[in-house]
Amino acid sequence: PYQEAQQAVRAAAVKNTDETGWRQANQKRWLWLAATQTAACFKVCVGRGKTALSELLGEAIQGVVCSDRWSAYHSLDLAFRQLCWAHLKRDFQKWLDRGGEAGVAIGQGGAEAVRRVFALWRDFRERRIDRSELQTALLPVGEELRAALERGASRDDVRVQRFCRNVLAVYPALWTFARIEGVEPTNNHAERTLRRAVIWRKVSFGNHSDAGCRFTERILTVVQTLRMQHRPVLDYLRQALLAHRTTSPAPALCAIGG
């Protein structure tokens, strides 16, 4: 079942990814997640870089990956990435809170862009506008945000410079949601799916062994996948245990598809 979910997520046209800290015998680990709308796959990895991402999604990553701006994703083609606008919203608010002429300028420009993007996305979701109208309406938003970032990149404030240049480097990945069906402008789906694991970590402090880590990633994969499919978890686990004890095939985990 775990391999079934992993294959479904890897082959999916769109997937959301995220990671959180984990522990194994008091050693630092990272718990990675990739999720579609009907399947989730968790993987405990030693690192948080490109190698761990490949362990999760395979060497040849398929489809669009929705994520934050963490450096592990820099190797992905920008045409097949979607950056999280909710993260950007928090970043722009931090610049407003920090103050200073350069910070306030980029904070205000960014916050206005976020407001307009989310308003247009809401109109699209509620079918007030179609995809073509969404794309047209986003053009001036993109032009104004790019101009604000370029102004920020030339400021004397080194921290503002760095932030603006970093966003400009991945700028095309801000707008993938406007052209590809099934892509959303935020990574909220991954963050919500990962929340159960975060609570578990705070209560259990991780695992003692490699076998414990394997159990963690497998049980989280099964539970969250079943919850996405609105299937009863205990019924599935009972069927899986019976299949194991009678050496029968395990029940399908992704019967509804990935």
# chains A, B, ... in the order shown; residues from 1 in each chain; ligands from 1

$ residues_around --residues "A:Leu57" --least-positions-apart "3" --cutoff "6 Å" --atoms "only C-alpha atoms" --output "tab-separated table (two decimals) with N, CA and C atoms, in the first residue's frame"
chain	number	residue	atom	x	y	z
A	10	ARG	N	3.86	10.18	-7.23
A	10	ARG	CA	4.94	10.49	-8.19
A	10	ARG	C	4.40	10.69	-9.59
A	54	SER	N	14.48	13.81	-4.06
A	54	SER	CA	14.52	12.71	-5.03
A	54	SER	C	14.06	11.40	-4.40
A	61	ILE	N	11.48	13.79	-11.69
A	61	ILE	CA	10.24	14.29	-11.08
A	61	ILE	C	9.25	14.70	-12.16

$ residues_around --residues "stretch 39-49 of chain A" --least-positions-apart "5" --cutoff "8 Å" --atoms "only C-alpha atoms" --output "MDAnalysis selection string"
chainID A and resid 2 5:6 8:9 19 22 28:34 55:56 71:72 193 213:214 217:218 220:222 224:226 228:229 254 257:258

$ residues_around --residues "A:Glu144" --least-positions-apart "6" --cutoff "12 Å" --atoms "only C-alpha atoms" --output "PyMOL selection string"
chain A and resi 106+108-114+116+138+150-151

$ write_last_selection --atoms "N, CA, C and O atoms" --output "CSV table (one decimal), in the first residue's frame"
chain,number,residue,atom,x,y,z
A,106,ILE,N,8.4,47.6,-0.3
A,106,ILE,CA,8.2,46.2,-0.9
A,106,ILE,C,7.0,45.5,-0.2
A,106,ILE,O,6.3,44.8,-0.8
A,108,GLN,N,4.3,47.0,1.1
A,108,GLN,CA,3.0,47.5,0.6
A,108,GLN,C,2.7,47.0,-0.9
A,108,GLN,O,1.6,46.6,-1.2
A,109,GLY,N,3.7,47.0,-1.7
A,109,GLY,CA,3.6,46.6,-3.1
A,109,GLY,C,3.2,45.1,-3.1
A,109,GLY,O,2.3,44.7,-3.9
A,110,GLY,N,3.9,44.3,-2.3
A,110,GLY,CA,3.6,42.9,-2.3
A,110,GLY,C,2.3,42.5,-1.7
A,110,GLY,O,1.5,41.7,-2.2
A,111,ALA,N,1.9,43.2,-0.6
A,111,ALA,CA,0.6,43.0,0.0
A,111,ALA,C,-0.6,43.3,-0.9
A,111,ALA,O,-1.6,42.6,-1.0
A,112,GLU,N,-0.4,44.3,-1.7
A,112,GLU,CA,-1.5,44.7,-2.7
A,112,GLU,C,-1.6,43.6,-3.8
A,112,GLU,O,-2.7,43.2,-4.2
A,113,ALA,N,-0.4,43.1,-4.2
A,113,ALA,CA,-0.4,42.0,-5.2
A,113,ALA,C,-1.1,40.8,-4.7
A,113,ALA,O,-1.9,40.1,-5.4
A,114,VAL,N,-0.8,40.4,-3.4
A,114,VAL,CA,-1.4,39.3,-2.8
A,114,VAL,C,-2.9,39.4,-2.7
A,114,VAL,O,-3.7,38.5,-3.0
A,116,ARG,N,-4.9,41.2,-4.6
A,116,ARG,CA,-5.5,41.1,-5.9
A,116,ARG,C,-5.5,39.6,-6.4
A,116,ARG,O,-6.5,39.2,-7.0
A,138,LEU,N,-4.6,39.0,-14.3
A,138,LEU,CA,-3.4,38.8,-13.6
A,138,LEU,C,-2.2,39.6,-14.2
A,138,LEU,O,-1.2,39.8,-13.6
A,150,GLU,N,11.9,44.7,-8.6
A,150,GLU,CA,13.1,45.3,-9.3
A,150,GLU,C,13.5,46.5,-8.6
A,150,GLU,O,14.8,46.7,-8.4
A,151,ARG,N,12.6,47.4,-8.2
A,151,ARG,CA,13.0,48.6,-7.4
A,151,ARG,C,13.6,48.2,-6.1
A,151,ARG,O,14.7,48.7,-5.7

$ closest_residue --among "A:Val223, A:Leu241, A:Ala25, A:Ala35" --to "A:Leu253" --atoms "only C-alpha atoms"
A:Val223

$ atom_distance --atom1 "atom CA of A:Cys84" --atom2 "atom CA of A:Arg196"
20.4 Å

$ residues_around --residues "stretch 77-81 of chain A" --least-positions-apart "4" --cutoff "6 Å" --atoms "only C-alpha atoms" --output "PyMOL selection string"
chain A and resi 64-66+173

$ select_by_dssp --residues "stretch 42-232 of chain A" --states "strand (DSSP E)" --output "list in words"
Phe42, Lys43, Val44, Cys45, Val64, Val65, Cys66, Ser67, Arg81, Gln82 and Leu83 of chain A

$ closest_residue --among "A:Gln24, A:Val170, A:Arg179, A:Pro1" --to "A:His74" --atoms "only C-alpha atoms"
A:Val170

$ residues_around --residues "stretch 126-137 of chain A" --least-positions-apart "3" --cutoff "12 Å" --atoms "only C-alpha atoms" --output "ChimeraX atom specification"
/A:113,116-123,140-143,175-182

$ write_last_selection --atoms "N, CA and C atoms" --output "PDB file, in the first residue's frame"
ATOM      1  N   ALA A 113      -0.413  43.107  -4.220  1.00  0.00           N
ATOM      2  CA  ALA A 113      -0.427  42.043  -5.224  1.00  0.00           C
ATOM      3  C   ALA A 113      -1.099  40.784  -4.673  1.00  0.00           C
ATOM      4  N   ARG A 116      -4.919  41.174  -4.569  1.00  0.00           N
ATOM      5  CA  ARG A 116      -5.545  41.077  -5.885  1.00  0.00           C
ATOM      6  C   ARG A 116      -5.506  39.637  -6.423  1.00  0.00           C
ATOM      7  N   VAL A 117      -4.407  38.949  -6.186  1.00  0.00           N
ATOM      8  CA  VAL A 117      -4.308  37.549  -6.634  1.00  0.00           C
ATOM      9  C   VAL A 117      -5.374  36.695  -5.955  1.00  0.00           C
ATOM     10  N   PHE A 118      -5.500  36.818  -4.653  1.00  0.00           N
ATOM     11  CA  PHE A 118      -6.478  35.998  -3.933  1.00  0.00           C
ATOM     12  C   PHE A 118      -7.909  36.373  -4.312  1.00  0.00           C
ATOM     13  N   ALA A 119      -8.166  37.655  -4.575  1.00  0.00           N
ATOM     14  CA  ALA A 119      -9.506  38.080  -4.995  1.00  0.00           C
ATOM     15  C   ALA A 119      -9.846  37.490  -6.362  1.00  0.00           C
ATOM     16  N   LEU A 120      -8.902  37.525  -7.287  1.00  0.00           N
ATOM     17  CA  LEU A 120      -9.142  36.962  -8.615  1.00  0.00           C
ATOM     18  C   LEU A 120      -9.287  35.446  -8.551  1.00  0.00           C
ATOM     19  N   TRP A 121      -8.473  34.806  -7.695  1.00  0.00           N
ATOM     20  CA  TRP A 121      -8.588  33.354  -7.558  1.00  0.00           C
ATOM     21  C   TRP A 121      -9.951  32.973  -6.978  1.00  0.00           C
ATOM     22  N   ARG A 122     -10.434  33.753  -6.030  1.00  0.00           N
ATOM     23  CA  ARG A 122     -11.763  33.493  -5.475  1.00  0.00           C
ATOM     24  C   ARG A 122     -12.826  33.626  -6.567  1.00  0.00           C
ATOM     25  N   ASP A 123     -12.723  34.650  -7.393  1.00  0.00           N
ATOM     26  CA  ASP A 123     -13.686  34.828  -8.486  1.00  0.00           C
ATOM     27  C   ASP A 123     -13.624  33.653  -9.458  1.00  0.00           C
ATOM     28  N   PRO A 140      -1.606  42.770 -15.294  1.00  0.00           N
ATOM     29  CA  PRO A 140      -1.133  44.003 -14.641  1.00  0.00           C
ATOM     30  C   PRO A 140      -0.636  43.768 -13.221  1.00  0.00           C
ATOM     31  N   VAL A 141      -1.219  42.785 -12.517  1.00  0.00           N
ATOM     32  CA  VAL A 141      -0.748  42.470 -11.166  1.00  0.00           C
ATOM     33  C   VAL A 141       0.698  42.001 -11.229  1.00  0.00           C
ATOM     34  N   GLY A 142       0.988  41.124 -12.186  1.00  0.00           N
ATOM     35  CA  GLY A 142       2.343  40.611 -12.339  1.00  0.00           C
ATOM     36  C   GLY A 142       3.333  41.695 -12.721  1.00  0.00           C
ATOM     37  N   GLU A 143       2.910  42.581 -13.614  1.00  0.00           N
ATOM     38  CA  GLU A 143       3.800  43.660 -14.047  1.00  0.00           C
ATOM     39  C   GLU A 143       4.124  44.611 -12.898  1.00  0.00           C
ATOM     40  N   TRP A 175       3.114  32.047 -11.078  1.00  0.00           N
ATOM     41  CA  TRP A 175       1.909  32.185 -11.889  1.00  0.00           C
ATOM     42  C   TRP A 175       1.468  30.889 -12.567  1.00  0.00           C
ATOM     43  N   THR A 176       2.053  29.775 -12.198  1.00  0.00           N
ATOM     44  CA  THR A 176       1.697  28.497 -12.826  1.00  0.00           C
ATOM     45  C   THR A 176       0.223  28.171 -12.632  1.00  0.00           C
ATOM     46  N   PHE A 177      -0.329  28.559 -11.488  1.00  0.00           N
ATOM     47  CA  PHE A 177      -1.738  28.253 -11.199  1.00  0.00           C
ATOM     48  C   PHE A 177      -2.683  28.864 -12.220  1.00  0.00           C
ATOM     49  N   ALA A 178      -2.254  29.931 -12.885  1.00  0.00           N
ATOM     50  CA  ALA A 178      -3.132  30.606 -13.828  1.00  0.00           C
ATOM     51  C   ALA A 178      -3.253  29.863 -15.157  1.00  0.00           C
ATOM     52  N   ARG A 179      -2.283  28.996 -15.470  1.00  0.00           N
ATOM     53  CA  ARG A 179      -2.294  28.341 -16.775  1.00  0.00           C
ATOM     54  C   ARG A 179      -2.504  26.828 -16.731  1.00  0.00           C
ATOM     55  N   ILE A 180      -2.285  26.190 -15.575  1.00  0.00           N
ATOM     56  CA  ILE A 180      -2.400  24.734 -15.509  1.00  0.00           C
ATOM     57  C   ILE A 180      -3.544  24.318 -14.589  1.00  0.00           C
ATOM     58  N   GLU A 181      -4.446  23.533 -15.105  1.00  0.00           N
ATOM     59  CA  GLU A 181      -5.604  23.050 -14.343  1.00  0.00           C
ATOM     60  C   GLU A 181      -5.153  22.207 -13.156  1.00  0.00           C
ATOM     61  N   GLY A 182      -5.802  22.401 -12.020  1.00  0.00           N
ATOM     62  CA  GLY A 182      -5.509  21.619 -10.832  1.00  0.00           C
ATOM     63  C   GLY A 182      -4.446  22.198  -9.927  1.00  0.00           C
TER      64      GLY A 182
END

$ residues_around --residues "A:Arg90" --least-positions-apart "3" --cutoff "12 Å" --atoms "only C-alpha atoms" --output "list of chain:residue names"
A:Asp68, A:Cys84, A:Trp85, A:Ala86, A:His87, A:Gln93, A:Lys94, A:Trp95, A:Leu96, A:Asp97, A:Gly107, A:Gly110, A:Ala111, A:Val114

$ write_last_selection --atoms "N, CA, C and O atoms" --output "CSV table (one decimal), in the first residue's frame"
chain,number,residue,atom,x,y,z
A,68,ASP,N,7.0,25.8,-1.0
A,68,ASP,CA,7.5,27.0,-0.6
A,68,ASP,C,8.8,27.3,-1.4
A,68,ASP,O,9.1,26.6,-2.4
A,84,CYS,N,4.2,29.2,-3.2
A,84,CYS,CA,3.0,29.4,-2.3
A,84,CYS,C,2.8,30.9,-2.0
A,84,CYS,O,3.7,31.6,-1.4
A,85,TRP,N,1.7,31.4,-2.4
A,85,TRP,CA,1.4,32.9,-2.2
A,85,TRP,C,1.1,33.1,-0.7
A,85,TRP,O,1.2,34.3,-0.2
A,86,ALA,N,0.7,32.1,0.1
A,86,ALA,CA,0.4,32.4,1.5
A,86,ALA,C,1.7,32.6,2.2
A,86,ALA,O,1.8,33.5,3.1
A,87,HIS,N,2.8,31.9,1.8
A,87,HIS,CA,4.1,32.2,2.3
A,87,HIS,C,4.6,33.7,2.0
A,87,HIS,O,5.1,34.4,2.8
A,93,GLN,N,4.2,40.9,4.9
A,93,GLN,CA,3.8,41.5,6.2
A,93,GLN,C,4.9,41.7,7.1
A,93,GLN,O,5.0,42.7,7.8
A,94,LYS,N,5.9,40.8,7.0
A,94,LYS,CA,7.1,40.9,7.9
A,94,LYS,C,7.9,42.2,7.5
A,94,LYS,O,8.4,42.9,8.4
A,95,TRP,N,7.9,42.5,6.2
A,95,TRP,CA,8.6,43.7,5.8
A,95,TRP,C,7.9,45.0,6.3
A,95,TRP,O,8.5,45.9,6.7
A,96,LEU,N,6.5,44.9,6.2
A,96,LEU,CA,5.8,46.0,6.8
A,96,LEU,C,6.0,46.2,8.3
A,96,LEU,O,6.2,47.3,8.8
A,97,ASP,N,6.0,45.1,9.0
A,97,ASP,CA,6.3,45.1,10.4
A,97,ASP,C,7.7,45.6,10.8
A,97,ASP,O,7.9,46.3,11.8
A,107,GLY,N,6.9,45.8,1.1
A,107,GLY,CA,5.8,45.2,1.8
A,107,GLY,C,4.4,45.7,1.3
A,107,GLY,O,3.5,44.9,1.1
A,110,GLY,N,3.9,44.3,-2.3
A,110,GLY,CA,3.6,42.9,-2.3
A,110,GLY,C,2.3,42.5,-1.7
A,110,GLY,O,1.5,41.7,-2.2
A,111,ALA,N,1.9,43.2,-0.6
A,111,ALA,CA,0.6,43.0,0.0
A,111,ALA,C,-0.6,43.3,-0.9
A,111,ALA,O,-1.6,42.6,-1.0
A,114,VAL,N,-0.8,40.4,-3.4
A,114,VAL,CA,-1.4,39.3,-2.8
A,114,VAL,C,-2.9,39.4,-2.7
A,114,VAL,O,-3.7,38.5,-3.0

$ atom_distance --atom1 "atom CA of A:Lys89" --atom2 "atom CA of A:Ala153"
18.3 Å

$ select_by_dssp --residues "stretch 111-176 of chain A" --states "helix (DSSP H, G or I)" --output "ChimeraX atom specification"
/A:111-125,131-153,158-169,171-174,176

$ atom_distance --atom1 "atom CA of A:Thr216" --atom2 "atom CA of A:Glu59"
23.1 Å

$ closest_residue --among "A:Asn188, A:Thr17, A:Thr36, A:Arg98" --to "A:Tyr73" --atoms "only C-alpha atoms"
A:Thr17

$ closest_residue --among "A:Ala105, A:Leu168, A:His189, A:Arg195" --to "A:Arg155" --atoms "only C-alpha atoms"
A:Ala105

$ decode --residues "stretch 68-94 of chain A" --atoms "N, CA and C atoms" --output "PDB file, in the first residue's frame"
ATOM      1  N   ASP A  68       7.007  25.754  -1.039  1.00  0.00           N
ATOM      2  CA  ASP A  68       7.537  27.045  -0.634  1.00  0.00           C
ATOM      3  C   ASP A  68       8.815  27.305  -1.442  1.00  0.00           C
ATOM      4  N   ARG A  69       9.633  28.283  -1.002  1.00  0.00           N
ATOM      5  CA  ARG A  69      10.814  28.667  -1.783  1.00  0.00           C
ATOM      6  C   ARG A  69      12.089  28.015  -1.245  1.00  0.00           C
ATOM      7  N   TRP A  70      11.981  26.898  -0.535  1.00  0.00           N
ATOM      8  CA  TRP A  70      13.146  26.233   0.016  1.00  0.00           C
ATOM      9  C   TRP A  70      14.100  25.808  -1.107  1.00  0.00           C
ATOM     10  N   SER A  71      15.400  25.898  -0.843  1.00  0.00           N
ATOM     11  CA  SER A  71      16.425  25.693  -1.868  1.00  0.00           C
ATOM     12  C   SER A  71      16.412  24.295  -2.479  1.00  0.00           C
ATOM     13  N   ALA A  72      15.881  23.298  -1.782  1.00  0.00           N
ATOM     14  CA  ALA A  72      15.846  21.936  -2.334  1.00  0.00           C
ATOM     15  C   ALA A  72      15.062  21.870  -3.636  1.00  0.00           C
ATOM     16  N   TYR A  73      14.164  22.817  -3.855  1.00  0.00           N
ATOM     17  CA  TYR A  73      13.323  22.810  -5.043  1.00  0.00           C
ATOM     18  C   TYR A  73      13.933  23.586  -6.208  1.00  0.00           C
ATOM     19  N   HIS A  74      15.104  24.194  -6.007  1.00  0.00           N
ATOM     20  CA  HIS A  74      15.681  25.055  -7.040  1.00  0.00           C
ATOM     21  C   HIS A  74      16.048  24.291  -8.308  1.00  0.00           C
ATOM     22  N   SER A  75      16.255  22.981  -8.193  1.00  0.00           N
ATOM     23  CA  SER A  75      16.623  22.204  -9.374  1.00  0.00           C
ATOM     24  C   SER A  75      15.433  21.930 -10.293  1.00  0.00           C
ATOM     25  N   LEU A  76      14.226  22.218  -9.831  1.00  0.00           N
ATOM     26  CA  LEU A  76      13.029  21.952 -10.631  1.00  0.00           C
ATOM     27  C   LEU A  76      12.854  23.020 -11.713  1.00  0.00           C
ATOM     28  N   ASP A  77      12.288  22.608 -12.812  1.00  0.00           N
ATOM     29  CA  ASP A  77      11.968  23.532 -13.900  1.00  0.00           C
ATOM     30  C   ASP A  77      10.911  24.522 -13.404  1.00  0.00           C
ATOM     31  N   LEU A  78      11.183  25.823 -13.570  1.00  0.00           N
ATOM     32  CA  LEU A  78      10.252  26.842 -13.081  1.00  0.00           C
ATOM     33  C   LEU A  78       8.885  26.744 -13.753  1.00  0.00           C
ATOM     34  N   ALA A  79       8.856  26.188 -14.957  1.00  0.00           N
ATOM     35  CA  ALA A  79       7.576  26.037 -15.660  1.00  0.00           C
ATOM     36  C   ALA A  79       6.689  24.992 -15.005  1.00  0.00           C
ATOM     37  N   PHE A  80       7.288  24.150 -14.149  1.00  0.00           N
ATOM     38  CA  PHE A  80       6.535  23.093 -13.474  1.00  0.00           C
ATOM     39  C   PHE A  80       6.649  23.231 -11.956  1.00  0.00           C
ATOM     40  N   ARG A  81       6.705  24.462 -11.497  1.00  0.00           N
ATOM     41  CA  ARG A  81       6.671  24.759 -10.067  1.00  0.00           C
ATOM     42  C   ARG A  81       5.568  25.764  -9.795  1.00  0.00           C
ATOM     43  N   GLN A  82       4.974  25.680  -8.609  1.00  0.00           N
ATOM     44  CA  GLN A  82       4.069  26.713  -8.138  1.00  0.00           C
ATOM     45  C   GLN A  82       4.500  27.107  -6.742  1.00  0.00           C
ATOM     46  N   LEU A  83       4.859  28.370  -6.564  1.00  0.00           N
ATOM     47  CA  LEU A  83       5.259  28.872  -5.255  1.00  0.00           C
ATOM     48  C   LEU A  83       4.038  29.297  -4.454  1.00  0.00           C
ATOM     49  N   CYS A  84       4.153  29.172  -3.157  1.00  0.00           N
ATOM     50  CA  CYS A  84       3.017  29.420  -2.271  1.00  0.00           C
ATOM     51  C   CYS A  84       2.841  30.916  -2.012  1.00  0.00           C
ATOM     52  N   TRP A  85       1.684  31.437  -2.403  1.00  0.00           N
ATOM     53  CA  TRP A  85       1.383  32.851  -2.171  1.00  0.00           C
ATOM     54  C   TRP A  85       1.074  33.133  -0.703  1.00  0.00           C
ATOM     55  N   ALA A  86       0.656  32.139   0.052  1.00  0.00           N
ATOM     56  CA  ALA A  86       0.428  32.354   1.483  1.00  0.00           C
ATOM     57  C   ALA A  86       1.749  32.641   2.192  1.00  0.00           C
ATOM     58  N   HIS A  87       2.826  31.942   1.777  1.00  0.00           N
ATOM     59  CA  HIS A  87       4.150  32.235   2.325  1.00  0.00           C
ATOM     60  C   HIS A  87       4.584  33.654   1.956  1.00  0.00           C
ATOM     61  N   LEU A  88       4.331  34.025   0.688  1.00  0.00           N
ATOM     62  CA  LEU A  88       4.687  35.378   0.257  1.00  0.00           C
ATOM     63  C   LEU A  88       3.922  36.430   1.058  1.00  0.00           C
ATOM     64  N   LYS A  89       2.662  36.160   1.313  1.00  0.00           N
ATOM     65  CA  LYS A  89       1.864  37.099   2.095  1.00  0.00           C
ATOM     66  C   LYS A  89       2.499  37.347   3.457  1.00  0.00           C
ATOM     67  N   ARG A  90       2.941  36.279   4.118  1.00  0.00           N
ATOM     68  CA  ARG A  90       3.599  36.419   5.422  1.00  0.00           C
ATOM     69  C   ARG A  90       4.915  37.188   5.291  1.00  0.00           C
ATOM     70  N   ASP A  91       5.652  36.922   4.197  1.00  0.00           N
ATOM     71  CA  ASP A  91       6.918  37.624   3.993  1.00  0.00           C
ATOM     72  C   ASP A  91       6.691  39.131   3.825  1.00  0.00           C
ATOM     73  N   PHE A  92       5.712  39.499   3.018  1.00  0.00           N
ATOM     74  CA  PHE A  92       5.444  40.920   2.799  1.00  0.00           C
ATOM     75  C   PHE A  92       4.979  41.599   4.088  1.00  0.00           C
ATOM     76  N   GLN A  93       4.198  40.881   4.884  1.00  0.00           N
ATOM     77  CA  GLN A  93       3.760  41.452   6.160  1.00  0.00           C
ATOM     78  C   GLN A  93       4.948  41.662   7.096  1.00  0.00           C
ATOM     79  N   LYS A  94       5.931  40.764   7.047  1.00  0.00           N
ATOM     80  CA  LYS A  94       7.131  40.921   7.878  1.00  0.00           C
ATOM     81  C   LYS A  94       7.888  42.190   7.503  1.00  0.00           C
TER      82      LYS A  94
END
